[in-house]
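One structure is given below, encoded as structure tokens.
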Amino acid sequence: MKKKLLLTALVAVAVSTAQAGGLMTNTNYHIAFDRMMARGATTEIDAVFSNPAGLAWGHEGWQLSLNFQKPWQYRDIELTTQNGSHTYEGKASAPIVPALFASYKHDRWAISSMIGIVGSGGFVEYKEGVPMFNVLLQSKLYENGITPDQYKLDSEMKGKQYIYGGQVNFTYKVLDCLSAAVGFRANYYDGYYRGHVIAKDHPQLGEVAKLLLDVDQKGWGFTPIVSMAFREGPLTLTARYEFRTKVNPKNDTNILEAGLGERTVATMMALDPVGTPAKLQKLQAELGAYTASYQDGVRTRYDMPALLSVAAGYAFTDKFRATLEYHFFDDKNAKMANDRQETLTHGTNEFLLGLEYDINDKFTVSCGGQRTDYGLSDEYEQNTSFACDSYSIGLGGAWNINEKIRLNAGYFCSIYSDYDKQTSYGKETYSRTNHVIGLGIDYKF
């Protein structure tokens with residue numbers, strides 16, 4: 001188990017900073033989501049993602065939308081042992097996250113496109129490293145008679161993970177009350193993992209041991225998408241299915257070093273010339289097993305799972321609308337590094353509710369909520385790549401500046417449930433916070 005965990009802890013630094021959605025998939029692209037959450041029954045420009053078939057009842061002619069979101073997130077790990085507790089702070093950040101939408105409708109058909117960050121999206125950094133990695137390295141040294149009070153531990157981990165996507169949809173109104181759409185999305189994975197843990201400043205040995213890693217990963221994946229929409233009077237019913245996306249990026253390894261310091265080896269040989277070669281051979285074999293998956297040219301799976309989305313929207317009046325929506329992410333059948341998906345108890349279930357009210361012709365207000373339930377397990381949760389079940393709340397509004405231009409503003413936050421995991425060295429408590437603000441502009445012509 002340790003062989004799988006030690007280097008996994010170093011290289012699995014991944015974050016979904018602006019994320020609302022599954023473990024590897026984002027669903028918040030347009031600001032209308034930030035302010036209402038449930039958008040599966042929309043016929044406006046954000047239907048390019050949320051409900052492509054619904055564009056059959058959208059604006060006649062061209063539409064464009066440009067959106068910007070700013071997320072903040074923390075991912076902390078509290079380690080509690082018999083000696084007390086310590087919190088390892090993980091600060092996640094991302095620059096302004098943009099998304100661009102476009103559509104053209106003529107009579108019974110429409111074509112649309114979207115460009116955005118469709119999976120993950122951000123950076124995370126642990127300036128003190130993480131407990132799993134630090135404790136495991138210290139235990140290896142302790143087995144060889146080197147105790148933590150004899151050296152200083154220098155540990156840091158950081159990483160980036162983005163999946164950029166470009167999507168195209170074709171929509172056709174089959175009947176006055178029924179439409180269908182087919183689409184295709186190209187996804188580009190771009191990530192890096194940087195980290196080190198160094199045991200140094202030993203009075204006699206100097207640098208005792210080190211592990212260094214600097215790996216870039218890039219790869220492509222392609223997603224077929226189908227959707228249908230039924231619209232009769234005030235009622236709208238929709239279904240959308242995204243097929244599993246195979247993402248298999250290749251390692252471009254700049255640095256990968258693991259081993260004991262020269263003086264450490266020399267001292268061990270002097271103290272035990274007979275037994276040391278076997279010890280060193282065993283240790284080198286273990287380190288080789290730790291690093292094998294991150295050698296240059298090796299590929300690692302980061303599949304985006306199949307997604308089923310169904311929604312029901314109802315206009316109670318000309319001014320008041322509500323949408324109820326459900327998402328299922330089939331995470332257990334989406335390949336992850338070391339087949340980690342098999343440790344999940346089930347795929348991700350999301351339940352969304354959104355309300356929208358037109359105050360007058362100029363101003364609209366909205367709010368919504370989302371419950372996200374991952375199939376988490378102790379085996380799935382890792383120090384640098386963990387998830388927590390959550391409730392999300394969004395609110396905001398729209399301003400129709402004129403007949404062609406609409407300004408959207410929204411805010412949402414996620415309230416996470418802490419996850420407790422008992423390990424061989426103590427109890428770890430994983431916690432997260434997430435806040436997103438967004439501003440976007442829609443233009444019709």
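Residues in the structure tokens are numbered from 1 in each chain, the chains being A, B, ... in the order shown, and ligands are numbered from 1 in the order shown.
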
Name all residues at most 6 Å from Phe363 in chain A (count only C-alpha atoms; drop same-chain ones fewer than 4 positions away) and give them as a list in words.
->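 Non-adjacent residues within range: Ile359, Ala398 and Trp399 of chain A.
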
Output all heavy atoms of each residue in that selection to a file, as a PDB file, in the first residue's frame.
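The result, stored in part_17.pdb:
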```
ATOM      1  N   ILE A 359     -38.472  41.027 -12.215  1.00  0.00           N
ATOM      2  CA  ILE A 359     -39.064  42.147 -11.490  1.00  0.00           C
ATOM      3  C   ILE A 359     -39.834  43.040 -12.450  1.00  0.00           C
ATOM      4  O   ILE A 359     -40.949  43.482 -12.176  1.00  0.00           O
ATOM      5  CB  ILE A 359     -37.964  42.949 -10.764  1.00  0.00           C
ATOM      6  CG1 ILE A 359     -37.255  42.054  -9.742  1.00  0.00           C
ATOM      7  CG2 ILE A 359     -38.545  44.182 -10.106  1.00  0.00           C
ATOM      8  CD1 ILE A 359     -36.069  42.703  -9.075  1.00  0.00           C
ATOM      9  N   ALA A 398     -29.879  39.576 -13.402  1.00  0.00           N
ATOM     10  CA  ALA A 398     -29.574  39.993 -14.777  1.00  0.00           C
ATOM     11  C   ALA A 398     -30.206  41.348 -15.033  1.00  0.00           C
ATOM     12  O   ALA A 398     -31.297  41.657 -14.526  1.00  0.00           O
ATOM     13  CB  ALA A 398     -30.096  38.962 -15.774  1.00  0.00           C
ATOM     14  N   TRP A 399     -29.511  42.142 -15.858  1.00  0.00           N
ATOM     15  CA  TRP A 399     -29.987  43.479 -16.219  1.00  0.00           C
ATOM     16  C   TRP A 399     -30.052  43.556 -17.736  1.00  0.00           C
ATOM     17  O   TRP A 399     -29.035  43.435 -18.414  1.00  0.00           O
ATOM     18  CB  TRP A 399     -29.035  44.529 -15.654  1.00  0.00           C
ATOM     19  CG  TRP A 399     -29.328  45.936 -16.108  1.00  0.00           C
ATOM     20  CD1 TRP A 399     -30.529  46.455 -16.510  1.00  0.00           C
ATOM     21  CD2 TRP A 399     -28.372  47.011 -16.204  1.00  0.00           C
ATOM     22  NE1 TRP A 399     -30.398  47.776 -16.855  1.00  0.00           N
ATOM     23  CE2 TRP A 399     -29.087  48.148 -16.673  1.00  0.00           C
ATOM     24  CE3 TRP A 399     -27.018  47.118 -15.937  1.00  0.00           C
ATOM     25  CZ2 TRP A 399     -28.459  49.381 -16.880  1.00  0.00           C
ATOM     26  CZ3 TRP A 399     -26.400  48.343 -16.146  1.00  0.00           C
ATOM     27  CH2 TRP A 399     -27.121  49.448 -16.613  1.00  0.00           C
TER      28      TRP A 399
END
```

Picked from range 356-390 of chain A by DSSP as strand (DSSP E), as a PyMOL selection string | chain A and resi 356-358+363-373+390

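For the set A:Tyr411, A:Phe222, A:Trp109, A:Tyr380, the residue with the smallest atom-to-atom gap to Gly440 in chain A is A:Tyr411, counting only C-alpha atoms.
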
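Residues in contact range of Arg231 in chain A, defined as at most 6 Å between only C-alpha atoms, with sequence neighbours fewer than 3 positions away removed, read Cys177, Leu235 and Thr236 of chain A.
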
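Considering only C-alpha atoms, the residue among A:Tyr126, A:Phe68, A:Tyr189, A:Phe412 positioned nearest to Lys158 in chain A is A:Tyr126.
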
Just the residues within 7 Å of Asn67 in chain A, please, counting only C-alpha atoms, with nothing from its chain fewer than 2 positions along; format it as a PyMOL selection string.
-> chain A and resi 30-31+65+69+98-100+439-441

Can you list, as a PyMOL selection string, every protein, DNA or RNA residue that comes within 6 Å of Lys218 in chain A when you count only C-alpha atoms, leaving out same-chain residues fewer than 6 positions away?
-> chain A and resi 189-190+249-250

Quick one: contact table of range 343-413 of chain A to range 313-328 of chain A, 10 Å max, nearest atom pair and distance in Å to one decimal per residue, counting only C-alpha atoms, chain and number order, as a Markdown table?
```
| residue | atom | partner | partner_atom | distance |
| --- | --- | --- | --- | --- |
| A:Gly347 | CA | A:Phe328 | CA | 6.9 |
| A:Thr348 | CA | A:Phe328 | CA | 5.7 |
| A:Asn349 | CA | A:Phe328 | CA | 5.0 |
| A:Glu350 | CA | A:His327 | CA | 4.9 |
| A:Phe351 | CA | A:Tyr326 | CA | 4.8 |
| A:Leu352 | CA | A:Glu325 | CA | 5.0 |
| A:Leu353 | CA | A:Leu324 | CA | 4.7 |
| A:Gly354 | CA | A:Thr323 | CA | 5.2 |
| A:Leu355 | CA | A:Ala322 | CA | 4.5 |
| A:Glu356 | CA | A:Arg321 | CA | 5.2 |
| A:Tyr357 | CA | A:Phe320 | CA | 4.6 |
| A:Asp358 | CA | A:Lys319 | CA | 4.9 |
| A:Ile359 | CA | A:Lys319 | CA | 7.4 |
| A:Asn360 | CA | A:Lys319 | CA | 8.2 |
| A:Asp361 | CA | A:Lys319 | CA | 9.5 |
| A:Thr364 | CA | A:Lys319 | CA | 8.9 |
| A:Val365 | CA | A:Phe320 | CA | 9.9 |
| A:Ser366 | CA | A:Arg321 | CA | 9.4 |
| A:Cys367 | CA | A:Ala322 | CA | 9.9 |
| A:Gly368 | CA | A:Thr323 | CA | 9.2 |
| A:Gln370 | CA | A:Glu325 | CA | 9.2 |
| A:Arg371 | CA | A:Tyr326 | CA | 9.7 |
| A:Thr372 | CA | A:His327 | CA | 9.2 |
| A:Asp373 | CA | A:Phe328 | CA | 9.9 |
```

Polymer residues at most 12 Å from Phe243 in chain A, only C-alpha atoms, same-chain spacing of 2 or more positions, as a PyMOL selection string | chain A and resi 182-185+221-227+240-241+245-246+303-309+328-331+333-334

12 Å contact set for Ser113 in chain A, only C-alpha atoms, chain neighbours under 6 positions out, as an MDAnalysis selection string | chainID A and resid 45:49 52 55 62:65 99:104 165:171 182:186

Residue subset to file, keeping N, CA and C atoms, as a CSV table (one decimal), in the first residue's frame:
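As written to disk, part30.csv reads:
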```csv
chain,number,residue,atom,x,y,z
A,45,ILE,N,-28.8,31.6,-24.1
A,45,ILE,CA,-27.5,31.3,-24.7
A,45,ILE,C,-26.8,30.2,-23.9
A,46,ASP,N,-27.0,30.1,-22.6
A,46,ASP,CA,-26.2,29.1,-21.9
A,46,ASP,C,-26.7,27.7,-22.1
A,47,ALA,N,-27.8,27.6,-22.9
A,47,ALA,CA,-28.2,26.2,-23.3
A,47,ALA,C,-27.2,25.6,-24.2
A,48,VAL,N,-26.3,26.3,-24.8
A,48,VAL,CA,-25.2,25.7,-25.6
A,48,VAL,C,-24.6,24.5,-24.8
A,49,PHE,N,-24.4,24.7,-23.5
A,49,PHE,CA,-23.9,23.6,-22.7
A,49,PHE,C,-25.0,22.9,-22.0
A,52,PRO,N,-28.5,21.8,-25.1
A,52,PRO,CA,-28.4,22.2,-26.6
A,52,PRO,C,-29.7,22.0,-27.4
A,55,LEU,N,-32.1,25.1,-27.7
A,55,LEU,CA,-31.9,26.3,-28.6
A,55,LEU,C,-32.9,26.3,-29.7
A,62,TRP,N,-28.4,35.4,-34.4
A,62,TRP,CA,-27.1,35.2,-33.7
A,62,TRP,C,-27.2,35.6,-32.2
A,63,GLN,N,-26.4,34.9,-31.4
A,63,GLN,CA,-26.2,35.2,-30.0
A,63,GLN,C,-24.8,35.0,-29.6
A,64,LEU,N,-24.2,35.9,-28.8
A,64,LEU,CA,-22.9,35.7,-28.2
A,64,LEU,C,-22.9,36.0,-26.7
A,65,SER,N,-22.0,35.3,-26.0
A,65,SER,CA,-22.0,35.5,-24.6
A,65,SER,C,-20.5,35.4,-24.1
A,99,ALA,N,-15.3,32.0,-20.4
A,99,ALA,CA,-16.0,31.1,-21.2
A,99,ALA,C,-16.7,31.9,-22.3
A,100,LEU,N,-16.7,31.4,-23.5
A,100,LEU,CA,-17.3,32.1,-24.6
A,100,LEU,C,-18.4,31.2,-25.3
A,101,PHE,N,-19.6,31.7,-25.5
A,101,PHE,CA,-20.7,31.0,-26.1
A,101,PHE,C,-21.1,31.7,-27.4
A,102,ALA,N,-21.6,30.9,-28.4
A,102,ALA,CA,-22.1,31.5,-29.6
A,102,ALA,C,-23.2,30.6,-30.2
A,103,SER,N,-24.2,31.1,-30.8
A,103,SER,CA,-25.2,30.3,-31.4
A,103,SER,C,-25.9,31.1,-32.6
A,104,TYR,N,-26.4,30.3,-33.5
A,104,TYR,CA,-27.2,30.9,-34.6
A,104,TYR,C,-28.4,30.0,-34.9
A,165,GLY,N,-11.9,22.9,-23.2
A,165,GLY,CA,-12.8,22.3,-24.1
A,165,GLY,C,-13.4,23.2,-25.2
A,166,GLY,N,-13.6,22.7,-26.4
A,166,GLY,CA,-14.3,23.4,-27.4
A,166,GLY,C,-15.4,22.5,-27.9
A,167,GLN,N,-16.6,23.0,-27.9
A,167,GLN,CA,-17.8,22.2,-28.2
A,167,GLN,C,-18.6,22.8,-29.3
A,168,VAL,N,-19.2,21.9,-30.2
A,168,VAL,CA,-20.0,22.3,-31.3
A,168,VAL,C,-21.3,21.5,-31.2
A,169,ASN,N,-22.5,22.1,-31.3
A,169,ASN,CA,-23.8,21.4,-31.3
A,169,ASN,C,-24.6,21.7,-32.6
A,170,PHE,N,-25.4,20.7,-33.0
A,170,PHE,CA,-26.3,20.9,-34.1
A,170,PHE,C,-27.7,20.5,-33.6
A,171,THR,N,-28.7,21.5,-33.6
A,171,THR,CA,-30.0,21.3,-33.1
A,171,THR,C,-31.0,21.4,-34.1
A,182,VAL,N,-27.2,17.0,-31.4
A,182,VAL,CA,-26.0,16.2,-31.3
A,182,VAL,C,-24.8,17.1,-31.3
A,183,GLY,N,-23.8,16.7,-30.5
A,183,GLY,CA,-22.7,17.6,-30.4
A,183,GLY,C,-21.4,16.8,-30.2
A,184,PHE,N,-20.3,17.6,-30.1
A,184,PHE,CA,-19.0,17.0,-30.0
A,184,PHE,C,-18.1,18.0,-29.3
A,185,ARG,N,-17.3,17.5,-28.4
A,185,ARG,CA,-16.3,18.4,-27.7
A,185,ARG,C,-14.9,17.8,-27.7
A,186,ALA,N,-14.0,18.7,-28.1
A,186,ALA,CA,-12.6,18.3,-28.0
A,186,ALA,C,-12.0,18.9,-26.7
```

Would you mind listing, for every residue of range 181-278 of chain A within 9 Å of range 36-40 of chain A, the two atoms forming the shortest contact and the distance between them in Å to one decimal, using only C-alpha atoms, sorted by chain and ascending residue number, as CSV?
```
residue,atom,partner,partner_atom,distance
A:Leu237,CA,A:Gly40,CA,8.8
A:Thr238,CA,A:Gly40,CA,6.9
A:Ala239,CA,A:Gly40,CA,8.1
A:Arg240,CA,A:Gly40,CA,8.6
```

Store the residues picked out above in a file with C-alpha atoms, as an mmCIF file, in the first residue's frame.
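Saved file result_25.cif follows:
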```
data_model
loop_
_atom_site.group_PDB
_atom_site.id
_atom_site.type_symbol
_atom_site.label_atom_id
_atom_site.label_comp_id
_atom_site.auth_asym_id
_atom_site.auth_seq_id
_atom_site.Cartn_x
_atom_site.Cartn_y
_atom_site.Cartn_z
ATOM 1 C CA LEU A 237 -38.519 18.499 -20.076
ATOM 2 C CA THR A 238 -34.945 17.779 -21.143
ATOM 3 C CA ALA A 239 -32.314 15.051 -21.163
ATOM 4 C CA ARG A 240 -28.619 15.295 -22.066
#
```

Sel. of helix (DSSP H, G or I) residues, range 6-228 of chain A, as a PyMOL selection string | chain A and resi 6-11+31-36+47-50+52-57+131-143+148-150

Grab the residues selected above and save them as a CSV table (one decimal), in the first residue's frame with N, CA and C atoms.
```csv
chain,number,residue,atom,x,y,z
A,6,LEU,N,3.1,6.7,-1.6
A,6,LEU,CA,4.1,7.7,-1.3
A,6,LEU,C,4.3,8.6,-2.5
A,7,LEU,N,4.6,8.2,-3.7
A,7,LEU,CA,4.7,9.1,-4.8
A,7,LEU,C,3.4,9.6,-5.3
A,8,THR,N,2.3,8.8,-5.1
A,8,THR,CA,1.0,9.3,-5.5
A,8,THR,C,0.7,10.5,-4.8
A,9,ALA,N,1.1,10.6,-3.5
A,9,ALA,CA,0.8,11.8,-2.7
A,9,ALA,C,1.6,13.0,-3.3
A,10,LEU,N,2.7,12.8,-3.9
A,10,LEU,CA,3.5,13.9,-4.4
A,10,LEU,C,2.9,14.3,-5.7
A,11,VAL,N,2.5,13.4,-6.6
A,11,VAL,CA,2.1,13.8,-7.9
A,11,VAL,C,0.7,14.0,-8.2
A,31,ILE,N,-22.6,32.6,-16.3
A,31,ILE,CA,-23.0,33.2,-15.0
A,31,ILE,C,-24.4,32.9,-14.6
A,32,ALA,N,-25.2,32.6,-15.5
A,32,ALA,CA,-26.6,32.2,-15.2
A,32,ALA,C,-26.6,31.0,-14.2
A,33,PHE,N,-25.6,30.1,-14.4
A,33,PHE,CA,-25.5,29.0,-13.4
A,33,PHE,C,-25.1,29.5,-12.0
A,34,ASP,N,-24.2,30.4,-11.9
A,34,ASP,CA,-23.8,30.9,-10.6
A,34,ASP,C,-25.0,31.5,-9.9
A,35,ARG,N,-25.9,32.2,-10.6
A,35,ARG,CA,-27.0,32.9,-9.9
A,35,ARG,C,-28.2,32.0,-9.8
A,36,MET,N,-28.3,30.8,-10.5
A,36,MET,CA,-29.5,30.0,-10.4
A,36,MET,C,-29.3,28.5,-10.2
A,47,ALA,N,-27.8,27.6,-22.9
A,47,ALA,CA,-28.2,26.2,-23.3
A,47,ALA,C,-27.2,25.6,-24.2
A,48,VAL,N,-26.3,26.3,-24.8
A,48,VAL,CA,-25.2,25.7,-25.6
A,48,VAL,C,-24.6,24.5,-24.8
A,49,PHE,N,-24.4,24.7,-23.5
A,49,PHE,CA,-23.9,23.6,-22.7
A,49,PHE,C,-25.0,22.9,-22.0
A,50,SER,N,-25.9,23.6,-21.3
A,50,SER,CA,-26.8,23.0,-20.3
A,50,SER,C,-28.0,22.3,-21.0
A,52,PRO,N,-28.5,21.8,-25.1
A,52,PRO,CA,-28.4,22.2,-26.6
A,52,PRO,C,-29.7,22.0,-27.4
A,53,ALA,N,-30.5,21.0,-27.1
A,53,ALA,CA,-31.7,20.8,-27.8
A,53,ALA,C,-32.7,22.0,-27.6
A,54,GLY,N,-32.6,22.7,-26.4
A,54,GLY,CA,-33.5,23.8,-26.1
A,54,GLY,C,-33.3,25.0,-27.0
A,55,LEU,N,-32.1,25.1,-27.7
A,55,LEU,CA,-31.9,26.3,-28.6
A,55,LEU,C,-32.9,26.3,-29.7
A,56,ALA,N,-33.6,25.2,-29.9
A,56,ALA,CA,-34.6,25.3,-31.0
A,56,ALA,C,-35.7,26.3,-30.7
A,57,TRP,N,-35.9,26.7,-29.4
A,57,TRP,CA,-36.8,27.7,-29.0
A,57,TRP,C,-36.2,29.0,-28.6
A,131,PRO,N,0.8,15.5,5.3
A,131,PRO,CA,1.2,14.5,6.3
A,131,PRO,C,1.5,13.1,5.8
A,132,MET,N,0.7,12.6,4.8
A,132,MET,CA,0.9,11.3,4.3
A,132,MET,C,2.4,11.1,3.8
A,133,PHE,N,2.8,12.1,3.0
A,133,PHE,CA,4.1,12.0,2.4
A,133,PHE,C,5.2,12.2,3.4
A,134,ASN,N,5.1,13.3,4.2
A,134,ASN,CA,6.1,13.5,5.2
A,134,ASN,C,6.3,12.4,6.2
A,135,VAL,N,5.2,11.9,6.7
A,135,VAL,CA,5.3,10.8,7.7
A,135,VAL,C,5.9,9.5,7.1
A,136,LEU,N,5.5,9.2,5.9
A,136,LEU,CA,6.0,8.0,5.2
A,136,LEU,C,7.5,8.1,5.0
A,137,LEU,N,8.0,9.2,4.6
A,137,LEU,CA,9.4,9.4,4.4
A,137,LEU,C,10.2,9.3,5.7
A,138,GLN,N,9.6,9.9,6.7
A,138,GLN,CA,10.3,9.9,8.0
A,138,GLN,C,10.3,8.4,8.6
A,139,SER,N,9.3,7.7,8.3
A,139,SER,CA,9.3,6.3,8.7
A,139,SER,C,10.3,5.5,8.1
A,140,LYS,N,10.6,5.7,6.8
A,140,LYS,CA,11.7,5.0,6.1
A,140,LYS,C,13.1,5.3,6.7
A,141,LEU,N,13.2,6.6,7.0
A,141,LEU,CA,14.5,6.9,7.7
A,141,LEU,C,14.6,6.3,9.1
A,142,TYR,N,13.5,6.3,9.8
A,142,TYR,CA,13.5,5.8,11.1
A,142,TYR,C,13.8,4.3,11.1
A,143,GLU,N,13.4,3.6,10.1
A,143,GLU,CA,13.7,2.2,10.0
A,143,GLU,C,15.2,2.0,9.9
A,148,PRO,N,13.5,11.8,13.5
A,148,PRO,CA,13.2,13.1,13.1
A,148,PRO,C,13.9,14.3,13.8
A,149,ASP,N,14.3,14.0,15.0
A,149,ASP,CA,15.0,15.1,15.8
A,149,ASP,C,16.4,15.3,15.3
A,150,GLN,N,16.9,14.5,14.3
A,150,GLN,CA,18.3,14.6,13.8
A,150,GLN,C,18.4,15.4,12.5
```

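Here CA of Lys444 in chain A is placed at a distance of 25.8 Å from CA of Ala312 in chain A.
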